[in-house]
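Undergrad: This structure is in structure tokens; I'll ask about it shortly.
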Amino acid sequence: MLIGAILVITRKNPVHSALALIVTLLAQASIYLMLYAPFVAGVQIILYAGGIMVLFLFVIMLVSIDRSVKERQLNSQWIVGMIAATALGGLFIAVFMKGKNIFPEHALPVIENDNTQKVATMLYGQYMFAFEIASLLLLVAIIGAVVMAKKRI
Amino acid sequence: MESMLHITTLHYLVLGAALFLLGVIGVLTRRNVVIVLMSIELILNAVNLNLVAFSRMWGGLHGQVFAIFVITDAAAEAAVGLGILIAFFRNKETVNIDEVNLLKW
């Protein structure tokens, strides 16, 4: 999974990056299965590896220019960016050193044979309002994407 | 010794942190807007991994529900971002992020 993620940010050709991202997403879906979250794993495969990646590949086809592969791949502020990322990595390591003992060694035993039902009950019960807000967000995103991609408004 | 063999929450958190870091490096250093958007997806996936790992740790399902909401937001973000990218490409004929400088002074 980490190899896939490294490939995503190092390949020159965006199509190769997209394929590496698919590998990463599928590996993450398997990790969700290891965490007893089959519904999230299914959503991950269908929505990410299916939907979003098709969208990415379409856009790569639409905007791909061959000369961008040969050009410099780093933007003009990459030194500052790397410094900031290194600082963030140092912060992560510091947090890891400080708090690596506070987690329980063994996870709770979860009997998960009706995971999807429980998630659905929660989604439509306790999180009803957030669900509606999410649907509204999707509607706004559809309208926004169509308006942005239109030639002439 | 027994605990070394089990995969605990900490391992998932380390994996999530590494994924997040790779995404941040991609966002901050790459030049192609499409790859920057893919790096944002990596960051959101790292957050999802942490949410599901904590959900497993506490034995509840709230983390998984939140992960589904984050996936929804990622889909909306990808759609709008790629729409903006297409509009930008139509105007400037490039996907180079350094040339998105209309607001620079």
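Following the order of the structure tokens, chains are lettered A, B, ..., residues in each are numbered from 1, and ligands are numbered from 1.
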Output the contact residues of chain B with respect to chain A at a cut-off of 6 Å, based on only C-alpha atoms, as a PyMOL selection string.
TA: chain B and resi 25-26+28-31+57+76+79-80+83-84+87
Undergrad: Show which residues sit within 12 Å of Phe54 (chain B), as a PyMOL selection string. Count only C-alpha atoms, and ignore same-chain residues fewer than 3 positions away.
TA: (chain A and resi 32+35-37+103-104+107-108) or (chain B and resi 8-13+16+47-51+57-64+66-67)
Undergrad: Given the choices B:Phe88, B:Ile7, B:Arg56, B:Phe69, which gets closest to Asn101 (chain B) if the distance is worked out from only C-alpha atoms?
TA: B:Phe88
Undergrad: Where does DSSP see helix (DSSP H, G or I) in chain B, if you list the residues as a PyMOL selection string?
TA: chain B and resi 2-5+9-29+33-58+62-92+97-99
Undergrad: Kindly save the residues from that selection, with C-alpha atoms included, as an mmCIF file, in the first residue's frame.
TA:
```cif
data_model
loop_
_atom_site.group_PDB
_atom_site.id
_atom_site.type_symbol
_atom_site.label_atom_id
_atom_site.label_comp_id
_atom_site.auth_asym_id
_atom_site.auth_seq_id
_atom_site.Cartn_x
_atom_site.Cartn_y
_atom_site.Cartn_z
ATOM 1 C CA GLU B 2 2.859 -11.904 22.221
ATOM 2 C CA SER B 3 2.007 -8.290 21.533
ATOM 3 C CA MET B 4 4.636 -8.032 18.831
ATOM 4 C CA LEU B 5 2.759 -10.506 16.707
ATOM 5 C CA THR B 9 -4.301 0.178 16.632
ATOM 6 C CA LEU B 10 -0.872 1.752 16.768
ATOM 7 C CA HIS B 11 0.239 -0.008 13.606
ATOM 8 C CA TYR B 12 -2.773 1.291 11.730
ATOM 9 C CA LEU B 13 -2.110 4.787 13.020
ATOM 10 C CA VAL B 14 1.517 4.642 11.874
ATOM 11 C CA LEU B 15 0.379 3.464 8.459
ATOM 12 C CA GLY B 16 -2.179 6.276 8.331
ATOM 13 C CA ALA B 17 0.447 8.843 9.315
ATOM 14 C CA ALA B 18 2.825 7.606 6.612
ATOM 15 C CA LEU B 19 0.065 7.755 4.015
ATOM 16 C CA PHE B 20 -0.875 11.266 5.150
ATOM 17 C CA LEU B 21 2.749 12.369 4.920
ATOM 18 C CA LEU B 22 3.094 11.006 1.388
ATOM 19 C CA GLY B 23 -0.075 12.832 0.402
ATOM 20 C CA VAL B 24 1.209 16.087 1.881
ATOM 21 C CA ILE B 25 4.507 15.722 0.022
ATOM 22 C CA GLY B 26 2.593 15.120 -3.188
ATOM 23 C CA VAL B 27 0.360 18.166 -2.691
ATOM 24 C CA LEU B 28 3.230 20.485 -1.811
ATOM 25 C CA THR B 29 5.794 19.472 -4.413
ATOM 26 C CA VAL B 33 -2.790 19.462 -10.959
ATOM 27 C CA VAL B 34 -4.196 15.970 -11.561
ATOM 28 C CA ILE B 35 -1.514 14.418 -9.368
ATOM 29 C CA VAL B 36 -2.135 17.065 -6.705
ATOM 30 C CA LEU B 37 -5.801 16.043 -6.644
ATOM 31 C CA MET B 38 -4.791 12.378 -6.358
ATOM 32 C CA SER B 39 -2.562 13.277 -3.415
ATOM 33 C CA ILE B 40 -5.559 14.914 -1.752
ATOM 34 C CA GLU B 41 -7.360 11.592 -2.172
ATOM 35 C CA LEU B 42 -4.404 9.937 -0.427
ATOM 36 C CA ILE B 43 -4.756 12.337 2.508
ATOM 37 C CA LEU B 44 -8.483 11.645 2.813
ATOM 38 C CA ASN B 45 -7.766 7.925 2.715
ATOM 39 C CA ALA B 46 -5.292 8.275 5.564
ATOM 40 C CA VAL B 47 -8.000 10.003 7.620
ATOM 41 C CA ASN B 48 -10.429 7.205 6.763
ATOM 42 C CA LEU B 49 -7.939 4.581 7.855
ATOM 43 C CA ASN B 50 -7.542 6.286 11.227
ATOM 44 C CA LEU B 51 -11.301 6.592 11.660
ATOM 45 C CA VAL B 52 -11.908 2.914 10.970
ATOM 46 C CA ALA B 53 -8.976 1.876 13.177
ATOM 47 C CA PHE B 54 -10.342 3.886 16.095
ATOM 48 C CA SER B 55 -13.792 2.519 15.434
ATOM 49 C CA ARG B 56 -12.326 -0.974 15.798
ATOM 50 C CA MET B 57 -10.494 0.062 18.947
ATOM 51 C CA TRP B 58 -13.618 1.303 20.692
ATOM 52 C CA HIS B 62 -19.406 5.616 14.610
ATOM 53 C CA GLY B 63 -15.987 5.711 12.971
ATOM 54 C CA GLN B 64 -17.193 3.667 10.034
ATOM 55 C CA VAL B 65 -20.211 5.927 9.541
ATOM 56 C CA PHE B 66 -17.886 8.930 9.571
ATOM 57 C CA ALA B 67 -15.595 7.182 7.082
ATOM 58 C CA ILE B 68 -18.562 6.849 4.742
ATOM 59 C CA PHE B 69 -19.270 10.575 5.091
ATOM 60 C CA VAL B 70 -15.613 11.325 4.344
ATOM 61 C CA ILE B 71 -15.818 9.154 1.216
ATOM 62 C CA THR B 72 -18.882 11.152 0.150
ATOM 63 C CA ASP B 73 -16.996 14.394 0.631
ATOM 64 C CA ALA B 74 -14.040 13.001 -1.310
ATOM 65 C CA ALA B 75 -16.319 12.168 -4.225
ATOM 66 C CA ALA B 76 -17.829 15.664 -4.213
ATOM 67 C CA GLU B 77 -14.384 17.240 -3.924
ATOM 68 C CA ALA B 78 -13.002 15.168 -6.805
ATOM 69 C CA ALA B 79 -15.935 16.069 -9.053
ATOM 70 C CA VAL B 80 -15.710 19.804 -8.376
ATOM 71 C CA GLY B 81 -11.903 19.832 -8.487
ATOM 72 C CA LEU B 82 -11.767 18.071 -11.814
ATOM 73 C CA GLY B 83 -14.481 20.393 -13.162
ATOM 74 C CA ILE B 84 -12.371 23.382 -12.152
ATOM 75 C CA LEU B 85 -9.361 21.705 -13.751
ATOM 76 C CA ILE B 86 -11.206 21.286 -17.053
ATOM 77 C CA ALA B 87 -12.306 24.931 -17.019
ATOM 78 C CA PHE B 88 -8.753 26.011 -16.241
ATOM 79 C CA PHE B 89 -7.310 23.815 -18.973
ATOM 80 C CA ARG B 90 -9.721 25.306 -21.476
ATOM 81 C CA ASN B 91 -8.536 28.808 -20.604
ATOM 82 C CA LYS B 92 -4.793 28.287 -20.304
ATOM 83 C CA ILE B 97 0.080 24.500 -11.048
ATOM 84 C CA ASP B 98 2.689 27.264 -11.257
ATOM 85 C CA GLU B 99 0.651 29.034 -13.909
#
```
Undergrad: Report, in Å to a single decimal, how far apart CA of Tyr124 (chain A) and CA of Gly42 (chain A) are.
TA: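 Here the two named atoms are 18.6 Å from each other.
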